[in-house]
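Shown below: data_3.csv, with CSV, C-alpha atoms.
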```
chain,number,residue,atom,x,y,z
A,1,MET,CA,-22.7,-20.1,3.7
A,2,LYS,CA,-21.4,-17.0,2.0
A,3,LYS,CA,-20.8,-14.1,4.4
A,4,PRO,CA,-22.3,-10.6,3.8
A,5,ARG,CA,-20.2,-8.2,1.8
A,6,LEU,CA,-18.3,-5.6,3.8
A,7,ALA,CA,-18.3,-2.3,1.9
A,8,ALA,CA,-15.7,-1.0,4.3
A,9,ILE,CA,-13.0,-3.2,2.7
A,10,GLU,CA,-13.6,-1.7,-0.7
A,11,TYR,CA,-13.9,1.8,0.6
A,12,ILE,CA,-10.6,1.5,2.5
A,13,ARG,CA,-8.9,0.3,-0.7
A,14,GLY,CA,-10.0,3.5,-2.4
A,15,ILE,CA,-8.7,5.7,0.4
A,16,SER,CA,-5.4,3.8,0.5
A,17,MET,CA,-4.9,4.2,-3.2
A,18,LEU,CA,-5.4,8.0,-2.8
A,19,GLY,CA,-2.8,8.0,-0.1
A,20,VAL,CA,-0.3,6.0,-2.1
A,21,ILE,CA,-0.7,8.5,-5.0
A,22,GLY,CA,-0.2,11.3,-2.6
A,23,ILE,CA,3.1,9.9,-1.4
A,24,HIS,CA,4.4,9.6,-5.0
A,25,VAL,CA,3.1,13.0,-6.0
A,26,GLY,CA,4.9,14.3,-2.9
A,27,SER,CA,8.1,12.9,-4.2
A,28,GLN,CA,7.6,14.9,-7.4
A,29,TYR,CA,6.8,18.0,-5.4
A,30,LEU,CA,10.0,17.7,-3.4
A,31,SER,CA,11.9,18.4,-6.7
A,32,ASN,CA,11.2,22.0,-5.7
A,33,THR,CA,13.8,22.9,-3.2
A,34,MET,CA,11.4,25.5,-1.8
A,35,ALA,CA,8.6,23.1,-1.3
A,36,ASN,CA,6.0,24.0,1.4
A,37,ILE,CA,6.8,21.7,4.3
A,38,HIS,CA,3.1,21.7,5.3
A,39,LEU,CA,1.9,20.4,1.9
A,40,VAL,CA,4.8,17.9,2.1
A,41,ALA,CA,3.4,16.8,5.4
A,42,LEU,CA,0.0,16.3,3.8
A,43,PHE,CA,1.3,14.3,0.9
A,44,GLU,CA,4.0,12.3,2.7
A,45,ILE,CA,3.1,12.0,6.4
A,46,ALA,CA,-0.7,12.1,6.7
A,47,SER,CA,-0.9,9.4,4.0
A,48,ARG,CA,1.7,7.1,5.6
A,49,PHE,CA,-0.9,4.5,6.6
A,50,SER,CA,-1.6,3.8,2.9
A,51,VAL,CA,0.7,0.9,2.1
A,52,PRO,CA,0.5,-1.1,5.4
A,53,ILE,CA,-3.3,-0.7,5.6
A,54,PHE,CA,-3.4,-2.6,2.2
A,55,PHE,CA,-1.9,-5.6,4.0
A,56,PHE,CA,-4.5,-5.2,6.8
A,57,ILE,CA,-7.5,-5.3,4.5
A,58,SER,CA,-5.9,-8.0,2.3
A,59,ALA,CA,-5.6,-10.2,5.4
A,60,PHE,CA,-9.1,-9.2,6.6
A,61,GLY,CA,-10.6,-10.2,3.2
A,62,LEU,CA,-8.7,-13.5,3.2
A,63,PHE,CA,-9.7,-14.6,6.7
A,64,TYR,CA,-13.2,-13.2,6.5
A,65,ASN,CA,-13.9,-15.6,3.7
A,66,LEU,CA,-11.9,-18.5,5.1
A,67,ASP,CA,-13.6,-21.3,7.0
A,68,MET,CA,-11.1,-21.9,9.8
A,69,LYS,CA,-12.7,-25.2,10.7
A,70,GLU,CA,-12.1,-26.7,7.3
A,71,PRO,CA,-8.8,-28.0,6.0
A,72,PHE,CA,-6.9,-25.3,4.1
A,73,ASP,CA,-6.6,-26.1,0.4
A,74,TYR,CA,-3.2,-24.5,-0.2
A,75,LYS,CA,-2.9,-25.6,-3.9
A,76,ASN,CA,-6.3,-24.0,-4.8
A,77,PHE,CA,-5.5,-20.9,-2.8
A,78,MET,CA,-2.2,-20.3,-4.5
A,79,GLN,CA,-3.6,-20.9,-8.0
A,80,ARG,CA,-6.3,-18.3,-7.4
A,81,ARG,CA,-3.9,-15.8,-5.8
A,82,PHE,CA,-1.3,-16.2,-8.5
A,83,LYS,CA,-4.0,-15.5,-11.1
A,84,THR,CA,-5.1,-12.3,-9.3
A,85,VAL,CA,-1.7,-11.0,-8.3
A,86,LEU,CA,1.3,-12.8,-9.9
A,87,ILE,CA,0.0,-12.5,-13.5
A,88,PRO,CA,-0.7,-8.7,-13.2
A,89,TYR,CA,2.6,-8.3,-11.5
A,90,LEU,CA,4.5,-9.9,-14.3
A,91,ALA,CA,2.4,-8.1,-16.9
A,92,TRP,CA,3.0,-4.6,-15.3
A,93,SER,CA,6.7,-5.4,-14.8
A,94,VAL,CA,7.1,-6.1,-18.5
A,95,PHE,CA,5.1,-3.0,-19.4
A,96,TYR,CA,7.2,-0.7,-17.2
A,97,VAL,CA,10.5,-2.1,-18.4
A,98,LEU,CA,9.5,-1.7,-22.0
A,99,GLN,CA,8.2,1.8,-21.3
A,100,TYR,CA,11.4,3.0,-19.7
A,101,THR,CA,13.5,1.2,-22.4
A,102,ILE,CA,11.7,3.3,-25.0
A,103,LEU,CA,11.4,6.5,-23.0
A,104,TYR,CA,15.1,6.6,-22.0
A,105,ASN,CA,16.4,4.7,-25.1
A,106,ASP,CA,18.2,2.2,-22.7
A,107,THR,CA,18.2,-1.3,-24.1
A,108,SER,CA,20.3,-2.6,-21.2
A,109,LEU,CA,17.0,-2.8,-19.3
A,110,LEU,CA,16.0,-5.7,-21.5
A,111,SER,CA,18.7,-7.9,-20.0
A,112,LEU,CA,17.2,-11.2,-18.7
A,113,SER,CA,19.4,-11.2,-15.6
A,114,LEU,CA,18.5,-7.6,-14.8
A,115,PHE,CA,14.8,-8.3,-15.4
A,116,ALA,CA,15.0,-11.3,-13.0
A,117,ARG,CA,16.5,-9.0,-10.4
A,118,PHE,CA,13.7,-6.5,-11.1
A,119,LEU,CA,11.1,-9.2,-10.6
A,120,PHE,CA,12.5,-10.5,-7.3
A,121,PHE,CA,12.8,-7.1,-5.7
A,122,GLY,CA,9.9,-5.4,-7.4
A,123,LEU,CA,12.1,-2.8,-9.1
A,124,ALA,CA,10.5,-2.5,-12.5
A,125,CYS,CA,8.5,0.4,-11.0
A,126,TYR,CA,8.5,2.0,-7.6
A,127,GLN,CA,5.1,0.8,-6.5
A,128,LEU,CA,5.3,-2.8,-7.5
A,129,TYR,CA,7.2,-4.0,-4.5
A,130,PHE,CA,3.9,-4.1,-2.7
A,131,LEU,CA,2.9,-7.1,-4.8
A,132,VAL,CA,6.1,-8.9,-4.1
A,133,ILE,CA,5.5,-8.7,-0.3
A,134,LEU,CA,1.8,-9.7,-0.9
A,135,LEU,CA,2.9,-12.7,-2.8
A,136,TRP,CA,5.3,-13.7,0.0
A,137,PHE,CA,2.3,-13.4,2.4
A,138,TYR,CA,0.3,-15.7,0.2
A,139,VAL,CA,3.1,-18.3,0.0
A,140,LEU,CA,3.3,-18.4,3.8
A,141,MET,CA,-0.4,-18.5,4.3
A,142,PRO,CA,-0.4,-21.8,6.3
A,143,LEU,CA,1.8,-20.0,8.9
A,144,TRP,CA,-0.5,-17.1,9.2
A,145,ILE,CA,-3.5,-19.4,9.6
A,146,TRP,CA,-1.7,-21.2,12.5
A,147,LEU,CA,-0.8,-17.9,14.1
A,148,VAL,CA,-4.3,-16.4,13.9
A,149,LYS,CA,-5.8,-19.7,15.3
A,150,HIS,CA,-3.5,-19.5,18.3
A,151,MET,CA,-3.6,-15.7,18.7
A,152,THR,CA,-4.9,-14.0,21.9
A,153,THR,CA,-5.0,-10.3,22.9
A,154,ALA,CA,-1.9,-10.8,25.1
A,155,ARG,CA,0.0,-12.5,22.1
A,156,LEU,CA,-1.1,-9.7,19.8
A,157,LEU,CA,0.5,-7.2,22.2
A,158,LEU,CA,3.7,-9.2,22.4
A,159,LEU,CA,3.7,-9.4,18.6
A,160,LEU,CA,3.3,-5.6,18.4
A,161,ILE,CA,6.2,-5.1,20.7
A,162,LEU,CA,8.4,-7.4,18.6
A,163,GLN,CA,7.2,-5.6,15.4
A,164,ILE,CA,8.2,-2.2,16.8
A,165,ALA,CA,11.6,-3.5,17.8
A,166,PHE,CA,12.3,-5.3,14.5
A,167,ASP,CA,11.1,-2.3,12.3
A,168,TYR,CA,13.2,0.1,14.4
A,169,TYR,CA,16.3,-2.1,14.0
A,170,SER,CA,15.7,-2.5,10.3
A,171,SER,CA,15.0,1.2,9.7
A,172,PHE,CA,17.4,2.9,11.9
A,173,VAL,CA,20.1,0.5,13.1
A,174,MET,CA,20.9,-2.0,10.3
A,175,ASN,CA,23.5,-0.8,7.9
A,176,PRO,CA,24.1,-3.2,5.0
A,177,TYR,CA,26.3,-0.9,3.0
A,178,GLY,CA,29.5,-2.1,4.7
A,179,ILE,CA,28.9,-5.7,3.7
A,180,GLU,CA,31.5,-6.8,1.1
A,181,ASN,CA,29.5,-9.8,-0.4
A,182,PRO,CA,27.6,-8.1,-3.3
A,183,PHE,CA,24.8,-10.7,-3.3
A,184,LEU,CA,24.2,-10.5,0.5
A,185,LYS,CA,24.5,-6.7,0.4
A,186,GLU,CA,21.8,-6.4,-2.3
A,187,LEU,CA,19.5,-8.8,-0.4
A,188,LEU,CA,19.7,-6.5,2.6
A,189,VAL,CA,19.7,-3.2,0.8
A,190,TYR,CA,16.3,-4.0,-0.8
A,191,ARG,CA,14.9,-5.7,2.3
A,192,LEU,CA,11.9,-3.3,2.4
A,193,ASN,CA,10.9,-4.6,-1.0
A,194,TYR,CA,10.3,-8.2,0.0
A,195,TRP,CA,10.6,-8.9,3.7
A,196,VAL,CA,7.1,-9.7,5.1
A,197,LEU,CA,8.7,-9.3,8.6
A,198,HIS,CA,8.1,-5.6,8.4
A,199,TYR,CA,4.3,-6.0,8.2
A,200,ILE,CA,3.5,-9.2,10.1
A,201,PHE,CA,1.6,-7.5,12.9
A,202,ILE,CA,-0.8,-5.5,10.7
A,203,PHE,CA,-1.4,-8.5,8.6
A,204,ILE,CA,-2.1,-10.8,11.6
A,205,LEU,CA,-4.3,-8.1,13.1
A,206,GLY,CA,-6.4,-7.9,10.0
A,207,GLY,CA,-6.8,-11.7,10.0
A,208,TYR,CA,-7.5,-11.9,13.7
A,209,LEU,CA,-10.2,-9.2,13.6
A,210,ALA,CA,-11.8,-10.9,10.5
A,211,VAL,CA,-12.1,-14.2,12.3
A,212,HIS,CA,-13.6,-12.4,15.3
A,213,ILE,CA,-15.8,-10.1,13.2
A,214,THR,CA,-18.7,-10.1,15.6
A,215,ALA,CA,-16.6,-9.1,18.6
A,216,PHE,CA,-14.8,-6.5,16.4
A,217,GLN,CA,-18.1,-5.0,15.2
A,218,SER,CA,-19.3,-4.7,18.8
A,219,PHE,CA,-16.0,-3.1,19.8
A,220,MET,CA,-16.2,-0.5,17.0
A,221,LYS,CA,-19.8,0.3,17.8
A,222,LYS,CA,-19.1,0.7,21.6
A,223,HIS,CA,-15.9,2.6,21.3
A,224,ARG,CA,-16.4,4.9,18.3
A,225,PHE,CA,-15.3,8.0,20.1
A,226,ALA,CA,-12.2,6.4,21.5
A,227,ILE,CA,-11.3,5.0,18.1
A,228,CYS,CA,-11.6,8.4,16.4
A,229,LEU,CA,-9.6,10.0,19.2
A,230,PHE,CA,-6.9,7.4,18.8
A,231,PHE,CA,-6.7,8.1,15.1
A,232,TRP,CA,-6.3,11.8,15.4
A,233,LEU,CA,-3.9,11.6,18.2
A,234,SER,CA,-1.7,9.1,16.4
A,235,MET,CA,-1.7,11.4,13.3
A,236,LEU,CA,-0.8,14.3,15.5
A,237,ALA,CA,2.1,12.3,17.0
A,238,LEU,CA,3.5,11.4,13.6
A,239,LEU,CA,3.2,14.9,12.3
A,240,SER,CA,4.8,16.3,15.5
A,241,TYR,CA,7.7,13.9,14.9
A,242,TYR,CA,8.1,15.1,11.3
A,243,TYR,CA,8.1,18.8,12.4
A,244,LYS,CA,10.5,18.1,15.3
A,245,LEU,CA,12.9,16.5,12.8
A,246,ILE,CA,12.7,19.7,10.6
A,247,PHE,CA,12.7,22.5,13.2
A,248,TYR,CA,14.8,21.0,16.0
A,249,THR,CA,16.9,18.3,14.5
A,250,GLY,CA,17.7,20.3,11.4
A,251,TYR,CA,16.6,17.6,8.8
A,252,THR,CA,15.6,18.5,5.3
A,253,PRO,CA,12.0,17.6,4.3
A,254,ILE,CA,13.3,14.6,2.4
A,255,GLU,CA,15.3,13.4,5.4
A,256,ALA,CA,12.3,14.0,7.7
A,257,ILE,CA,9.9,11.9,5.6
A,258,ASN,CA,12.5,9.1,5.2
A,259,THR,CA,12.6,9.0,9.1
A,260,ALA,CA,9.0,9.6,10.1
A,261,HIS,CA,7.6,6.8,8.0
A,262,GLN,CA,5.2,3.9,8.5
A,263,LEU,CA,7.9,1.6,10.1
A,264,SER,CA,8.8,4.1,12.8
A,265,PRO,CA,7.1,3.5,16.1
A,266,ALA,CA,4.8,6.5,15.6
A,267,GLY,CA,4.0,5.3,12.1
A,268,ILE,CA,3.1,1.8,13.3
A,269,PHE,CA,0.6,3.2,15.8
A,270,TYR,CA,-0.8,5.5,13.1
A,271,THR,CA,-1.3,2.5,10.8
A,272,ILE,CA,-3.2,0.6,13.5
A,273,ALA,CA,-5.3,3.6,14.4
A,274,ALA,CA,-6.1,4.3,10.7
A,275,SER,CA,-7.0,0.7,10.0
A,276,ILE,CA,-9.6,0.5,12.9
A,277,PHE,CA,-10.7,4.1,12.3
A,278,PHE,CA,-11.6,3.7,8.6
A,279,PHE,CA,-13.2,0.4,9.3
A,280,THR,CA,-15.4,2.0,12.0
A,281,ILE,CA,-16.5,5.1,10.1
A,282,PHE,CA,-17.2,3.1,6.9
A,283,THR,CA,-19.2,0.5,8.9
A,284,PHE,CA,-21.3,2.7,11.2
A,285,ASN,CA,-21.3,6.3,9.9
A,286,SER,CA,-24.0,7.5,7.5
A,287,TYR,CA,-23.1,9.2,4.3
A,288,PRO,CA,-25.0,10.7,1.4
A,289,LYS,CA,-25.6,8.3,-1.5
A,290,GLY,CA,-23.1,10.3,-3.6
A,291,CYS,CA,-20.3,9.6,-1.2
A,292,HIS,CA,-21.0,5.9,-1.3
A,293,THR,CA,-21.0,6.0,-5.1
A,294,LEU,CA,-17.7,7.9,-5.1
A,295,LEU,CA,-16.1,5.6,-2.6
A,296,GLY,CA,-17.3,2.6,-4.5
A,297,ILE,CA,-15.8,3.9,-7.7
A,298,LEU,CA,-12.4,4.6,-6.0
A,299,GLY,CA,-12.4,1.1,-4.4
A,300,ARG,CA,-13.5,-0.7,-7.6
A,301,HIS,CA,-10.6,0.8,-9.6
A,302,SER,CA,-8.1,1.1,-6.8
A,303,TYR,CA,-6.1,-1.9,-8.0
A,304,PHE,CA,-5.6,-0.6,-11.5
A,305,ALA,CA,-5.0,3.0,-10.3
A,306,TYR,CA,-2.3,1.7,-7.8
A,307,LEU,CA,-0.6,-0.2,-10.6
A,308,ALA,CA,-0.9,2.4,-13.3
A,309,HIS,CA,-0.6,5.8,-11.7
A,310,PRO,CA,3.2,6.1,-12.3
A,311,VAL,CA,2.3,6.3,-16.0
A,312,ALA,CA,0.3,9.5,-15.3
A,313,ILE,CA,3.0,10.9,-13.0
A,314,THR,CA,5.7,10.2,-15.6
A,315,TYR,CA,4.0,11.9,-18.6
A,316,LEU,CA,2.4,14.8,-16.6
A,317,SER,CA,5.9,15.5,-15.1
A,318,MET,CA,7.4,15.5,-18.6
A,319,PHE,CA,4.7,17.9,-19.8
A,320,LEU,CA,5.4,20.3,-16.9
A,321,THR,CA,9.1,20.2,-17.7
A,322,SER,CA,8.6,20.8,-21.4
A,323,GLN,CA,6.5,23.9,-20.5
A,324,GLY,CA,8.9,25.2,-18.0
A,325,ILE,CA,6.3,25.0,-15.2
A,326,LEU,CA,7.8,24.8,-11.7
A,327,MET,CA,6.1,22.3,-9.2
A,328,THR,CA,4.8,25.0,-6.9
A,329,ALA,CA,2.2,24.1,-4.2
A,330,PRO,CA,-0.9,25.0,-6.3
A,331,VAL,CA,0.6,23.0,-9.3
A,332,ALA,CA,1.3,20.0,-7.0
A,333,ILE,CA,-2.3,20.0,-5.8
A,334,PHE,CA,-3.6,20.2,-9.4
A,335,PHE,CA,-1.0,17.5,-10.4
A,336,TYR,CA,-2.4,15.2,-7.7
A,337,ILE,CA,-6.0,15.7,-8.8
A,338,ALA,CA,-5.0,15.1,-12.4
A,339,VAL,CA,-3.1,11.8,-11.6
A,340,VAL,CA,-6.0,10.5,-9.6
A,341,PHE,CA,-8.5,11.5,-12.3
A,342,PHE,CA,-6.6,9.9,-15.2
A,343,SER,CA,-5.8,6.8,-13.2
A,344,ILE,CA,-9.4,6.2,-12.3
A,345,ILE,CA,-10.8,7.1,-15.7
A,346,THR,CA,-8.3,4.9,-17.5
A,347,GLY,CA,-9.1,2.1,-15.0
A,348,SER,CA,-12.7,2.4,-15.9
A,349,ILE,CA,-12.1,2.4,-19.6
A,350,VAL,CA,-9.7,-0.6,-19.5
A,351,ARG,CA,-12.1,-2.6,-17.3
A,352,ARG,CA,-14.9,-2.0,-19.8
A,353,LEU,CA,-12.6,-3.0,-22.7
A,354,GLY,CA,-11.8,-6.1,-20.8
A,355,TYR,CA,-15.4,-7.2,-21.0
A,356,HIS,CA,-14.9,-7.6,-24.7
A,357,LEU,CA,-11.2,-8.6,-24.6
A,358,PRO,CA,-10.9,-10.6,-21.4
A,359,LEU,CA,-7.1,-10.8,-21.7
A,360,VAL,CA,-6.9,-7.1,-20.9
A,361,ASN,CA,-8.5,-7.5,-17.5
A,362,ILE,CA,-6.6,-10.8,-16.9
A,363,LEU,CA,-3.3,-9.1,-17.4
A,364,SER,CA,-4.0,-5.7,-15.8
A,365,ILE,CA,-6.0,-6.5,-12.7
A,366,GLY,CA,-6.3,-10.3,-12.6
A,367,VAL,CA,-10.1,-10.4,-13.3
A,368,TYR,CA,-11.3,-13.3,-15.3
A,369,PRO,CA,-14.6,-13.7,-17.2
A,370,LYS,CA,-17.4,-15.3,-15.2
A,371,LYS,CA,-18.2,-18.8,-16.2
```
Write-out of the structure in structure tokens:
Amino acid sequence: MKKPRLAAIEYIRGISMLGVIGIHVGSQYLSNTMANIHLVALFEIASRFSVPIFFFISAFGLFYNLDMKEPFDYKNFMQRRFKTVLIPYLAWSVFYVLQYTILYNDTSLLSLSLFARFLFFGLACYQLYFLVILLWFYVLMPLWIWLVKHMTTARLLLLLILQIAFDYYSSFVMNPYGIENPFLKELLVYRLNYWVLHYIFIFILGGYLAVHITAFQSFMKKHRFAICLFFWLSMLALLSYYYKLIFYTGYTPIEAINTAHQLSPAGIFYTIAASIFFFTIFTFNSYPKGCHTLLGILGRHSYFAYLAHPVAITYLSMFLTSQGILMTAPVAIFFYIAVVFFSIITGSIVRRLGYHLPLVNILSIGVYPKK
């Protein structure tokens, strides 16, 4: 029996996509040495839940539609996931390598050994590493099913403690640059690009809540106020950490955002709070029809926008540079709106084109014609 559709999953995808674009636009804004630290906080700190929450809703969607009582068909599962993730990942990697080869007139990017390295670490473009980690999550799906089946509240808490400890060590203690072996050094330097270990807790949490959807819905309905308070307090904690690093520790904005990130202890709690908060408000709060339409559009085209928005960022940045326009705060805000607009509009156009040329949708977002 097919379970009812959960609009919250699609809406969260859209919100997450907006956050990811904000982080990458923030990186462009930081090219201005006089960047407003408060706008940087909006772009780079308030949006820090964006990438890990994708893992939360990915796991939620997988486990929500999975019959835990039936044997897991690993082969069929991997075939379907490779079609929806691996094919677009390969297609977009080729696209970005060709684009940068032409743009910077650098044919060295066409080296097969270099391209293989790009594929393994997700280096063809800065947002593609997410798909690498997601693919590793898929490959290890039998392990996650076993963990979710045997998960309890106490074990979730223990897993959270281990996650905080591991992420702290990986982010603030581990130093791979002193390693002499170049192969091992590279594996550790790019660990954030492919180690699922950094996001196990949020993935398992998504799967656990999906399996216990009835209890989760009751919890959200009963504790809406506490969930909202947890979200705003966790955001305040992460923002306070960011401002402390700037005003008291003496960090630059770039150093601060590279410290107060989603793998810091405050960032982990912010991700958890955001995951439950957005699920709650999109499940139980009432919105005008126009809001649902907008959220639906953002969610529907979030995958394409996530994969394609660096194109808009690249060429809009080139345009600003050619016109001698400095990335001031107003320009950065307009820049963000323009990137979102062009990414969503292009996603809509490409999807419609894919109805007539199915290969377009297959390669860009892993959507296949209905039989």
### Message
Report as a PyMOL selection string all protein, DNA and RNA residues lying within 6 Å of range 51-59 of chain A, evaluated on only C-alpha atoms, omitting residues in the same chain fewer than 4 positions from it.
### Response
chain A and resi 202-203+206-207+275
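CA of Phe201 in chain A sits 6.4 Å away from CA of Gln163 in chain A.
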### Task
May I ask which of the residues A:Ile276, A:Ile200, A:Gly366, A:Leu18 is the closest one to Gly354 in chain A, counting all atoms listed in the file?
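Counting all atoms listed in the file, the residue closest to Gly354 in chain A is A:Gly366.
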Determine, counting all atoms listed in the file, which protein, DNA and RNA residues have an atom within 8 Å of an atom of Leu239 in chain A; residues of the same chain fewer than 5 positions away are not included. Present the result as an mmCIF file with C-alpha atoms, keeping the file's coordinate frame.
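Dumped to selection-v9.cif:
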```
data_model
loop_
_atom_site.group_PDB
_atom_site.id
_atom_site.type_symbol
_atom_site.label_atom_id
_atom_site.label_comp_id
_atom_site.auth_asym_id
_atom_site.auth_seq_id
_atom_site.Cartn_x
_atom_site.Cartn_y
_atom_site.Cartn_z
ATOM 1 C CA ALA A 41 3.400 16.800 5.400
ATOM 2 C CA ILE A 45 3.100 12.000 6.400
ATOM 3 C CA ALA A 46 -0.700 12.100 6.700
#
```
### Task
Work out how far CA of Leu187 in chain A is from CA of Trp146 in chain A, in Å to one decimal.
27.7 Å
### Message
Could you list, as a list in words, every residue within 9 Å of Ile313 in chain A, counting all atoms listed in the file and ignoring same-chain residues fewer than 4 positions away?
### Response
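So the residues in contact are His24, Val25, Gln28, His309, Ser317, Met318, Phe335, Tyr336 and Val339 of chain A.
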Could you dump the residues just selected with C-alpha atoms as a PDB file, keeping the file's coordinate frame?
```pdb
ATOM      1  CA  HIS A  24       4.400   9.600  -5.000  1.00  0.00           C
ATOM      2  CA  VAL A  25       3.100  13.000  -6.000  1.00  0.00           C
ATOM      3  CA  GLN A  28       7.600  14.900  -7.400  1.00  0.00           C
ATOM      4  CA  HIS A 309      -0.600   5.800 -11.700  1.00  0.00           C
ATOM      5  CA  SER A 317       5.900  15.500 -15.100  1.00  0.00           C
ATOM      6  CA  MET A 318       7.400  15.500 -18.600  1.00  0.00           C
ATOM      7  CA  PHE A 335      -1.000  17.500 -10.400  1.00  0.00           C
ATOM      8  CA  TYR A 336      -2.400  15.200  -7.700  1.00  0.00           C
ATOM      9  CA  VAL A 339      -3.100  11.800 -11.600  1.00  0.00           C
TER      10      VAL A 339
END
```
### Query
Residues at most 12 Å from Met174 in chain A, counting only C-alpha atoms, excluding those fewer than 5 positions away in the same chain, as a VMD selection string?
chain A and resid 166 to 169 179 185 188 to 189 191
#### Entry: Nearest candidate to Leu209 in chain A (options A:Met34, A:Ala260, A:Ala266, A:Met151; using all atoms listed in the file)
A:Met151
#### Entry: Nearest residue to Val367 in chain A from the set A:Leu229, A:Leu156, A:Ile87, A:Ile23 (distances using only C-alpha atoms)
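When distances to Val367 in chain A are compared using only C-alpha atoms, the smallest one comes from A:Ile87.
Using only C-alpha atoms, the smallest distance between any of A:Ala35, A:Leu294, A:Met220, A:Ala256 and Phe278 in chain A comes from A:Met220.
Here CA of Val139 in chain A is placed at a distance of 16.6 Å from CA of Leu90 in chain A.
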### Task
Using all atoms listed in the file, find the one residue out of A:Ser234, A:Thr252, A:Ser302, A:Ser343 that sits nearest to Phe277 in chain A.
A:Ser234
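Each of A:Phe121, A:Met78, A:Leu62, A:Ile102 was checked against Glu186 in chain A using only C-alpha atoms; the smallest atom-to-atom distance is that of A:Phe121.
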### Message
If we count only C-alpha atoms and set the cut-off at 9 Å, which residues sit around Ile254 in chain A, ignoring sequence neighbours fewer than 4 positions away in its own chain? Please answer as a ChimeraX atom specification.
### Response
/A:27,30,258-259
### Task
Counting only C-alpha atoms, find the residues whose atoms lie at most 12 Å from (-0.3, -4.5, -18.1) (file coordinates) and write them out as an MDAnalysis selection string.
chainID A and resid 85:99 303:305 307:308 311 347 350:351 354 359:366
